[in-house]
>>> print(open('entry10.tsv').read())   # TSV, N, CA and C atoms
chain	number	residue	atom	x	y	z
A	11	MET	N	86.23	43.71	101.56
A	11	MET	CA	85.62	45.02	101.49
A	11	MET	C	84.61	44.99	100.35
A	12	SER	N	83.45	45.56	100.56
A	12	SER	CA	82.43	45.57	99.52
A	12	SER	C	82.84	46.50	98.40
A	13	ARG	N	82.18	46.32	97.28
A	13	ARG	CA	82.49	47.12	96.10
A	13	ARG	C	82.22	48.61	96.35
A	14	SER	N	81.13	48.96	97.03
A	14	SER	CA	80.83	50.36	97.30
A	14	SER	C	81.81	50.95	98.30
A	15	ALA	N	82.24	50.15	99.28
A	15	ALA	CA	83.23	50.63	100.25
A	15	ALA	C	84.57	50.86	99.56
A	16	THR	N	84.95	49.96	98.63
A	16	THR	CA	86.19	50.13	97.88
A	16	THR	C	86.14	51.39	97.04
A	17	GLY	N	85.01	51.63	96.38
A	17	GLY	CA	84.85	52.83	95.56
A	17	GLY	C	84.95	54.10	96.39
A	18	LEU	N	84.34	54.05	97.57
A	18	LEU	CA	84.39	55.21	98.46
A	18	LEU	C	85.82	55.44	98.93
A	19	PHE	N	86.54	54.36	99.27
A	19	PHE	CA	87.92	54.48	99.72
A	19	PHE	C	88.80	55.08	98.62
A	20	VAL	N	88.64	54.61	97.39
A	20	VAL	CA	89.41	55.14	96.26
A	20	VAL	C	89.08	56.61	96.03
A	21	ALA	N	87.81	56.96	96.08
A	21	ALA	CA	87.41	58.35	95.87
A	21	ALA	C	87.99	59.25	96.94
A	22	LEU	N	87.95	58.80	98.19
A	22	LEU	CA	88.52	59.60	99.28
A	22	LEU	C	90.03	59.71	99.13
A	23	SER	N	90.68	58.62	98.75
A	23	SER	CA	92.14	58.64	98.58
A	23	SER	C	92.54	59.60	97.47
A	24	VAL	N	91.86	59.56	96.35
A	24	VAL	CA	92.16	60.45	95.24
A	24	VAL	C	91.92	61.90	95.65
A	25	GLY	N	90.84	62.14	96.36
A	25	GLY	CA	90.55	63.50	96.82
A	25	GLY	C	91.61	64.02	97.78
A	26	THR	N	92.08	63.14	98.66
A	26	THR	CA	93.12	63.53	99.61
A	26	THR	C	94.42	63.84	98.89
A	27	VAL	N	94.81	63.01	97.94
A	27	VAL	CA	96.03	63.25	97.17
A	27	VAL	C	95.89	64.55	96.37
A	28	ALA	N	94.74	64.77	95.75
A	28	ALA	CA	94.53	65.99	94.96
A	28	ALA	C	94.62	67.22	95.86
A	29	ALA	N	94.03	67.15	97.03
A	29	ALA	CA	94.07	68.30	97.95
A	29	ALA	C	95.49	68.53	98.44
A	30	ALA	N	96.23	67.45	98.68
A	30	ALA	CA	97.59	67.59	99.20
A	30	ALA	C	98.55	68.12	98.16
A	31	THR	N	98.29	67.85	96.87
A	31	THR	CA	99.22	68.28	95.84
A	31	THR	C	98.81	69.56	95.15
A	32	ALA	N	97.62	70.04	95.44
A	32	ALA	CA	97.18	71.29	94.81
A	32	ALA	C	98.04	72.44	95.32
A	33	GLY	N	98.44	73.32	94.45
A	33	GLY	CA	99.25	74.48	94.83
A	33	GLY	C	98.37	75.54	95.47
A	34	PRO	N	99.00	76.53	96.03
A	34	PRO	CA	98.22	77.60	96.64
A	34	PRO	C	97.43	78.36	95.59
A	35	ALA	N	96.31	78.87	96.01
A	35	ALA	CA	95.49	79.66	95.09
A	35	ALA	C	96.26	80.92	94.71
A	36	HIS	N	96.26	81.23	93.43
A	36	HIS	CA	96.96	82.42	92.98
A	36	HIS	C	96.07	83.63	93.19
A	37	SER	N	96.61	84.59	93.89
A	37	SER	CA	95.87	85.83	94.08
A	37	SER	C	96.67	86.96	93.47
A	38	GLU	N	95.97	87.96	93.08
A	38	GLU	CA	96.63	89.11	92.50
A	38	GLU	C	97.43	89.83	93.60
A	39	PRO	N	98.61	90.34	93.26
A	39	PRO	CA	99.35	91.11	94.26
A	39	PRO	C	98.55	92.37	94.60
A	40	PRO	N	98.72	92.87	95.83
A	40	PRO	CA	97.97	94.07	96.20
A	40	PRO	C	98.30	95.23	95.27
A	41	ALA	N	97.29	96.01	94.97
A	41	ALA	CA	97.50	97.18	94.11
A	41	ALA	C	98.34	98.21	94.85
A	42	PRO	N	99.22	98.89	94.15
A	42	PRO	CA	100.01	99.93	94.79
A	42	PRO	C	99.09	101.03	95.33
A	43	ARG	N	99.44	101.54	96.50
A	43	ARG	CA	98.67	102.61	97.14
A	43	ARG	C	99.53	103.87	97.17
A	44	GLN	N	98.91	105.00	97.01
A	44	GLN	CA	99.61	106.29	97.06
A	44	GLN	C	99.79	106.70	98.52
A	45	VAL	N	101.04	106.87	98.93
A	45	VAL	CA	101.37	107.25	100.30
A	45	VAL	C	102.00	108.64	100.27
A	46	THR	N	101.54	109.52	101.18
A	46	THR	CA	102.11	110.86	101.29
A	46	THR	C	102.51	111.11	102.73
A	47	TYR	N	103.79	111.52	102.91
A	47	TYR	CA	104.30	111.91	104.22
A	47	TYR	C	104.45	113.42	104.23
A	48	THR	N	104.05	114.07	105.32
A	48	THR	CA	104.22	115.50	105.48
A	48	THR	C	104.76	115.77	106.88
A	49	VAL	N	105.81	116.60	106.95
A	49	VAL	CA	106.38	117.00	108.24
A	49	VAL	C	106.47	118.52	108.25
A	50	THR	N	105.99	119.11	109.33
A	50	THR	CA	106.10	120.56	109.53
A	50	THR	C	106.52	120.81	110.98
A	51	THR	N	106.93	122.06	111.25
A	51	THR	CA	107.22	122.49	112.62
A	51	THR	C	106.64	123.88	112.82
A	52	ALA	N	106.43	124.23	114.08
A	52	ALA	CA	105.92	125.57	114.40
A	52	ALA	C	106.99	126.63	114.25
A	53	THR	N	108.25	126.26	114.46
A	53	THR	CA	109.38	127.18	114.26
A	53	THR	C	110.41	126.50	113.37
A	54	PRO	N	111.16	127.26	112.57
A	54	PRO	CA	112.13	126.66	111.65
A	54	PRO	C	113.20	125.86	112.39
A	55	VAL	N	113.58	124.73	111.78
A	55	VAL	CA	114.59	123.86	112.36
A	55	VAL	C	115.18	122.96	111.27
A	56	SER	N	116.39	122.51	111.50
A	56	SER	CA	116.99	121.48	110.65
A	56	SER	C	116.57	120.14	111.25
A	57	ALA	N	115.89	119.33	110.47
A	57	ALA	CA	115.30	118.08	110.98
A	57	ALA	C	115.95	116.86	110.35
A	58	ASP	N	116.09	115.82	111.15
A	58	ASP	CA	116.46	114.49	110.65
A	58	ASP	C	115.15	113.76	110.41
A	59	ILE	N	114.92	113.34	109.18
A	59	ILE	CA	113.68	112.66	108.83
A	59	ILE	C	114.00	111.28	108.25
A	60	TYR	N	113.45	110.26	108.90
A	60	TYR	CA	113.54	108.89	108.40
A	60	TYR	C	112.18	108.54	107.83
A	61	PHE	N	112.18	107.80	106.73
A	61	PHE	CA	110.92	107.43	106.10
A	61	PHE	C	111.08	106.10	105.40
A	62	ARG	N	109.98	105.48	105.08
A	62	ARG	CA	110.02	104.23	104.34
A	62	ARG	C	109.29	104.44	103.03
A	63	ASP	N	109.98	104.19	101.92
A	63	ASP	CA	109.36	104.36	100.61
A	63	ASP	C	109.36	103.10	99.76
A	64	VAL	N	109.84	102.00	100.34
A	64	VAL	CA	109.76	100.69	99.68
A	64	VAL	C	109.34	99.65	100.71
A	65	VAL	N	108.72	98.60	100.25
A	65	VAL	CA	108.33	97.49	101.11
A	65	VAL	C	109.47	96.48	101.08
A	66	PRO	N	110.05	96.14	102.23
A	66	PRO	CA	111.12	95.14	102.24
A	66	PRO	C	110.62	93.79	101.72
A	67	PRO	N	111.50	93.03	101.08
A	67	PRO	CA	111.08	91.72	100.54
A	67	PRO	C	110.57	90.78	101.63
A	68	THR	N	111.23	90.79	102.80
A	68	THR	CA	110.81	89.94	103.92
A	68	THR	C	111.06	90.69	105.22
A	69	TRP	N	110.41	90.22	106.28
A	69	TRP	CA	110.65	90.82	107.59
A	69	TRP	C	112.11	90.59	108.01
A	70	ALA	N	112.67	89.45	107.67
A	70	ALA	CA	114.06	89.17	108.02
A	70	ALA	C	115.00	90.18	107.37
A	71	ASP	N	114.75	90.52	106.10
A	71	ASP	CA	115.58	91.53	105.43
A	71	ASP	C	115.51	92.86	106.17
A	72	TYR	N	114.29	93.24	106.55
A	72	TYR	CA	114.12	94.50	107.26
A	72	TYR	C	114.81	94.47	108.63
A	73	SER	N	114.58	93.43	109.40
A	73	SER	CA	115.13	93.39	110.75
A	73	SER	C	116.65	93.26	110.74
A	74	HIS	N	117.22	92.70	109.67
A	74	HIS	CA	118.67	92.58	109.58
A	74	HIS	C	119.33	93.95	109.46
A	75	ASP	N	118.73	94.86	108.70
A	75	ASP	CA	119.28	96.21	108.55
A	75	ASP	C	118.16	97.18	108.16
A	76	PRO	N	117.41	97.68	109.14
A	76	PRO	CA	116.25	98.53	108.84
A	76	PRO	C	116.62	99.84	108.14
A	77	TYR	N	117.85	100.31	108.32
A	77	TYR	CA	118.22	101.59	107.71
A	77	TYR	C	118.36	101.52	106.20
A	78	ILE	N	118.53	100.32	105.65
A	78	ILE	CA	118.52	100.17	104.20
A	78	ILE	C	117.14	100.53	103.66
A	79	PHE	N	116.11	100.20	104.44
A	79	PHE	CA	114.73	100.44	104.01
A	79	PHE	C	114.12	101.71	104.61
A	80	SER	N	114.91	102.43	105.41
A	80	SER	CA	114.43	103.66	106.06
A	80	SER	C	115.47	104.76	105.85
A	81	PRO	N	115.51	105.34	104.66
A	81	PRO	CA	116.52	106.36	104.42
A	81	PRO	C	116.32	107.58	105.31
A	82	LYS	N	117.39	108.35	105.47
A	82	LYS	CA	117.36	109.56	106.29
A	82	LYS	C	117.71	110.75	105.41
A	83	VAL	N	116.96	111.83	105.60
A	83	VAL	CA	117.30	113.10	104.96
A	83	VAL	C	117.41	114.15	106.07
A	84	VAL	N	118.25	115.12	105.86
A	84	VAL	CA	118.36	116.26	106.77
A	84	VAL	C	117.86	117.47	105.99
A	85	VAL	N	116.77	118.05	106.45
A	85	VAL	CA	116.15	119.15	105.72
A	85	VAL	C	115.71	120.26	106.69
A	86	ASP	N	115.64	121.46	106.16
A	86	ASP	CA	115.10	122.58	106.92
A	86	ASP	C	113.59	122.59	106.75
A	87	VAL	N	112.87	122.55	107.87
A	87	VAL	CA	111.42	122.60	107.84
A	87	VAL	C	110.94	123.73	108.75
A	88	GLY	N	109.73	124.15	108.53
A	88	GLY	CA	109.14	125.20	109.34
A	88	GLY	C	107.67	125.34	109.02
A	89	PRO	N	107.01	126.34	109.60
A	89	PRO	CA	105.57	126.49	109.38
A	89	PRO	C	105.21	126.74	107.91
A	90	ASP	N	106.08	127.43	107.18
A	90	ASP	CA	105.84	127.71	105.76
A	90	ASP	C	106.74	126.88	104.84
A	91	ARG	N	107.40	125.90	105.41
A	91	ARG	CA	108.34	125.08	104.64
A	91	ARG	C	108.17	123.60	105.02
A	92	PRO	N	107.06	122.98	104.60
A	92	PRO	CA	106.86	121.56	104.93
A	92	PRO	C	107.78	120.67	104.11
A	93	TRP	N	108.05	119.51	104.64
A	93	TRP	CA	108.72	118.45	103.89
A	93	TRP	C	107.63	117.47	103.49
A	94	VAL	N	107.52	117.20	102.19
A	94	VAL	CA	106.47	116.32	101.67
A	94	VAL	C	107.12	115.29	100.75
A	95	LEU	N	106.73	114.03	100.91
A	95	LEU	CA	107.21	112.97	100.04
A	95	LEU	C	106.02	112.14	99.59
A	96	HIS	N	105.93	111.89	98.28
A	96	HIS	CA	104.91	111.03	97.70
A	96	HIS	C	105.60	109.75	97.23
A	97	THR	N	105.00	108.62	97.55
A	97	THR	CA	105.54	107.34	97.11
A	97	THR	C	104.38	106.36	96.94
A	98	THR	N	104.65	105.19	96.42
A	98	THR	CA	103.64	104.14	96.34
A	98	THR	C	104.15	102.92	97.10
A	99	MET	N	103.21	102.24	97.75
A	99	MET	CA	103.55	101.03	98.52
A	99	MET	C	102.41	100.02	98.35
A	100	SER	N	102.78	98.74	98.35
A	100	SER	CA	101.75	97.71	98.24
A	100	SER	C	101.13	97.38	99.59
A	101	ASP	N	101.81	97.69	100.69
A	101	ASP	CA	101.29	97.35	102.01
A	101	ASP	C	101.58	98.48	103.01
A	102	PRO	N	100.97	99.65	102.82
A	102	PRO	CA	101.28	100.77	103.72
A	102	PRO	C	100.81	100.54	105.15
A	103	GLY	N	99.80	99.72	105.35
A	103	GLY	CA	99.35	99.44	106.70
A	103	GLY	C	100.42	98.78	107.55
A	104	ARG	N	101.30	98.08	106.91
A	104	ARG	CA	102.38	97.39	107.62
A	104	ARG	C	103.69	98.17	107.58
A	105	TRP	N	103.96	98.91	106.49
A	105	TRP	CA	105.30	99.45	106.29
A	105	TRP	C	105.41	100.98	106.24
A	106	ALA	N	104.35	101.69	105.97
A	106	ALA	CA	104.47	103.15	105.84
A	106	ALA	C	104.85	103.77	107.19
A	107	MET	N	105.85	104.67	107.17
A	107	MET	CA	106.34	105.28	108.40
A	107	MET	C	107.17	106.51	108.07
A	108	VAL	N	106.97	107.57	108.85
A	108	VAL	CA	107.85	108.74	108.79
A	108	VAL	C	108.13	109.18	110.22
A	109	SER	N	109.38	109.51	110.49
A	109	SER	CA	109.79	109.95	111.81
A	109	SER	C	110.69	111.17	111.64
A	110	ALA	N	110.44	112.21	112.44
A	110	ALA	CA	111.24	113.42	112.33
A	110	ALA	C	111.68	113.87	113.72
A	111	THR	N	112.89	114.41	113.81
A	111	THR	CA	113.41	114.87	115.09
A	111	THR	C	114.38	116.03	114.88
A	112	SER	N	114.50	116.84	115.91
A	112	SER	CA	115.51	117.90	115.90
A	112	SER	C	116.74	117.47	116.69
A	113	GLY	N	116.74	116.24	117.17
A	113	GLY	CA	117.90	115.70	117.88
A	113	GLY	C	118.26	116.53	119.10
A	114	ARG	N	119.53	116.87	119.19
A	114	ARG	CA	120.03	117.62	120.34
A	114	ARG	C	119.98	119.12	120.17
A	115	ALA	N	119.40	119.57	119.08
A	115	ALA	CA	119.31	121.02	118.85
A	115	ALA	C	118.52	121.67	119.99
A	116	PRO	N	118.92	122.88	120.38
A	116	PRO	CA	118.19	123.55	121.46
A	116	PRO	C	116.79	123.95	121.01
A	117	GLY	N	115.92	124.14	121.97
A	117	GLY	CA	114.57	124.59	121.68
A	117	GLY	C	113.63	123.44	121.38
A	118	GLU	N	112.37	123.79	121.25
A	118	GLU	CA	111.32	122.82	120.93
A	118	GLU	C	110.54	123.33	119.72
A	119	PRO	N	110.90	122.87	118.53
A	119	PRO	CA	110.27	123.38	117.31
A	119	PRO	C	108.82	122.93	117.10
A	120	MET	N	108.32	122.01	117.92
A	120	MET	CA	106.94	121.52	117.82
A	120	MET	C	106.66	120.87	116.46
A	121	PHE	N	107.06	119.63	116.35
A	121	PHE	CA	106.88	118.85	115.12
A	121	PHE	C	105.44	118.41	114.94
A	122	HIS	N	105.04	118.30	113.69
A	122	HIS	CA	103.76	117.71	113.32
A	122	HIS	C	104.01	116.85	112.09
A	123	CYS	N	103.56	115.59	112.12
A	123	CYS	CA	103.67	114.73	110.94
A	123	CYS	C	102.28	114.22	110.58
A	124	GLU	N	102.17	113.89	109.31
A	124	GLU	CA	100.90	113.38	108.77
A	124	GLU	C	101.23	112.31	107.74
A	125	LEU	N	100.49	111.22	107.79
A	125	LEU	CA	100.64	110.13	106.83
A	125	LEU	C	99.28	109.91	106.19
A	126	SER	N	99.22	109.98	104.87
A	126	SER	CA	97.96	109.68	104.18
A	126	SER	C	98.16	108.58	103.16
A	127	VAL	N	97.10	107.81	102.99
A	127	VAL	CA	97.08	106.71	102.02
A	127	VAL	C	95.91	106.96	101.09
A	128	ASP	N	96.21	107.05	99.82
A	128	ASP	CA	95.19	107.31	98.79
A	128	ASP	C	94.37	108.56	99.13
A	129	GLY	N	95.05	109.57	99.66
A	129	GLY	CA	94.41	110.85	99.95
A	129	GLY	C	93.68	110.94	101.28
A	130	VAL	N	93.68	109.85	102.05
A	130	VAL	CA	92.99	109.84	103.35
A	130	VAL	C	94.04	109.84	104.46
A	131	VAL	N	93.95	110.80	105.37
A	131	VAL	CA	94.89	110.86	106.50
A	131	VAL	C	94.62	109.68	107.41
A	132	VAL	N	95.66	108.87	107.64
A	132	VAL	CA	95.51	107.67	108.47
A	132	VAL	C	96.30	107.76	109.77
A	133	ALA	N	97.21	108.74	109.87
A	133	ALA	CA	97.98	108.90	111.10
A	133	ALA	C	98.52	110.32	111.19
A	134	THR	N	98.49	110.87	112.40
A	134	THR	CA	99.12	112.16	112.69
A	134	THR	C	99.79	112.06	114.04
A	135	SER	N	100.78	112.93	114.26
A	135	SER	CA	101.45	112.96	115.55
A	135	SER	C	102.08	114.33	115.74
A	136	ASP	N	102.18	114.74	116.98
A	136	ASP	CA	102.81	116.01	117.35
A	136	ASP	C	103.78	115.76	118.49
A	137	GLY	N	104.85	116.55	118.52
A	137	GLY	CA	105.79	116.44	119.64
A	137	GLY	C	106.72	117.63	119.66
A	138	PRO	N	107.18	118.01	120.83
A	138	PRO	CA	108.04	119.19	120.95
A	138	PRO	C	109.38	119.05	120.22
A	139	LYS	N	109.98	117.84	120.24
A	139	LYS	CA	111.28	117.65	119.59
A	139	LYS	C	111.25	116.58	118.51
A	140	GLY	N	110.09	116.01	118.24
A	140	GLY	CA	109.99	114.99	117.21
A	140	GLY	C	108.60	114.41	117.13
A	141	ALA	N	108.36	113.65	116.06
A	141	ALA	CA	107.06	113.00	115.86
A	141	ALA	C	107.26	111.76	115.00
A	142	LEU	N	106.40	110.77	115.21
A	142	LEU	CA	106.42	109.52	114.44
A	142	LEU	C	105.00	109.26	113.94
A	143	CYS	N	104.87	109.06	112.63
A	143	CYS	CA	103.58	108.71	112.04
A	143	CYS	C	103.68	107.36	111.37
A	144	ALA	N	102.78	106.46	111.76
A	144	ALA	CA	102.70	105.13	111.17
A	144	ALA	C	101.30	104.59	111.48
A	145	VAL	N	100.83	103.69	110.64
A	145	VAL	CA	99.56	103.02	110.91
A	145	VAL	C	99.82	101.92	111.93
A	146	ARG	N	100.91	101.23	111.75
A	146	ARG	CA	101.31	100.14	112.63
A	146	ARG	C	101.99	100.71	113.88
A	147	HIS	N	101.83	100.05	115.01
A	147	HIS	CA	102.51	100.48	116.23
A	147	HIS	C	103.91	99.90	116.26
A	148	TRP	N	104.89	100.74	116.20
A	148	TRP	CA	106.29	100.31	116.24
A	148	TRP	C	106.73	100.37	117.66
>>> encode(input="entry10.tsv", output="structure tokens")
Amino acid sequence: MSRSATGLFVALSVGTVAAATAGPAHSEPPAPRQVTYTVTTATPVSADIYFRDVVPPTWADYSHDPYIFSPKVVVDVGPDRPWVLHTTMSDPGRWAMVSATSGRAPGEPMFHCELSVDGVVVATSDGPKGALCAVRHW
């Protein structure tokens, strides 16, 4: 092998080893985003509301037991009595979600939910007995 070919081979080998052993580029974690959930109804009702206020460590953790990461509250809501929750999340596009229902209660209270991120409404939903607001399609 010629001297220039040997030099090229060594340079390529060193470059390949350096590329193979280099660690991943460090990036800053995503900045926390302000998430606001709002649930209202046209008529007063006791509602079951599930919401997400933390980002699960991994998808496996979430899928193993989603209710750990989606607490439930039972609250009275109505046209003059909204339920509002403010939280912060690093990845609301993937994890932010609020769901409200009147379950088996009689009547149709006409639910409305709204999800905003950093003050911008990103999802709304309406339904006679419940509503789900999320950026992601569940």
>>> residues_near_point(input="entry10.tsv", point="(108.6, 98.1, 102.3)", cutoff="8 Å", atoms="only C-alpha atoms", output="list in words")
Arg62, Asp63, Val64, Val65, Pro66, Pro67, Phe79, Met99, Ser100, Asp101, Pro102, Trp105 and Ala106 of chain A
>>> select_by_dssp(input="entry10.tsv", residues="segment 73-126 of chain A", states="strand (DSSP E)", output="number ranges by chain")
A: 82-87, 93-99, 107-111, 121-126
>>> select_by_dssp(input="entry10.tsv", residues="chain A", states="alpha helix (DSSP H)", output="ChimeraX atom specification")
/A:13-31,69-74,76-79,102-105
>>> closest_residue(input="entry10.tsv", among="A:Cys123, A:Val132, A:Cys143, A:Val45", to="Pro92 of chain A", atoms="only C-alpha atoms")
A:Cys123
>>> residues_around(input="entry10.tsv", residues="Asp58 of chain A", least_positions_apart="6", cutoff="8 Å", atoms="all atoms listed in the file", output="JSON, numbers by chain")
{"A": [82, 83, 84, 85, 86, 109, 110, 111, 112, 113]}
>>> atom_distance(input="entry10.tsv", atom1="atom N of Lys139 of chain A", atom2="atom N of Pro81 of chain A")
20.7 Å
>>> atom_distance(input="entry10.tsv", atom1="atom CA of Ala57 of chain A", atom2="atom C of Val108 of chain A")
11.5 Å
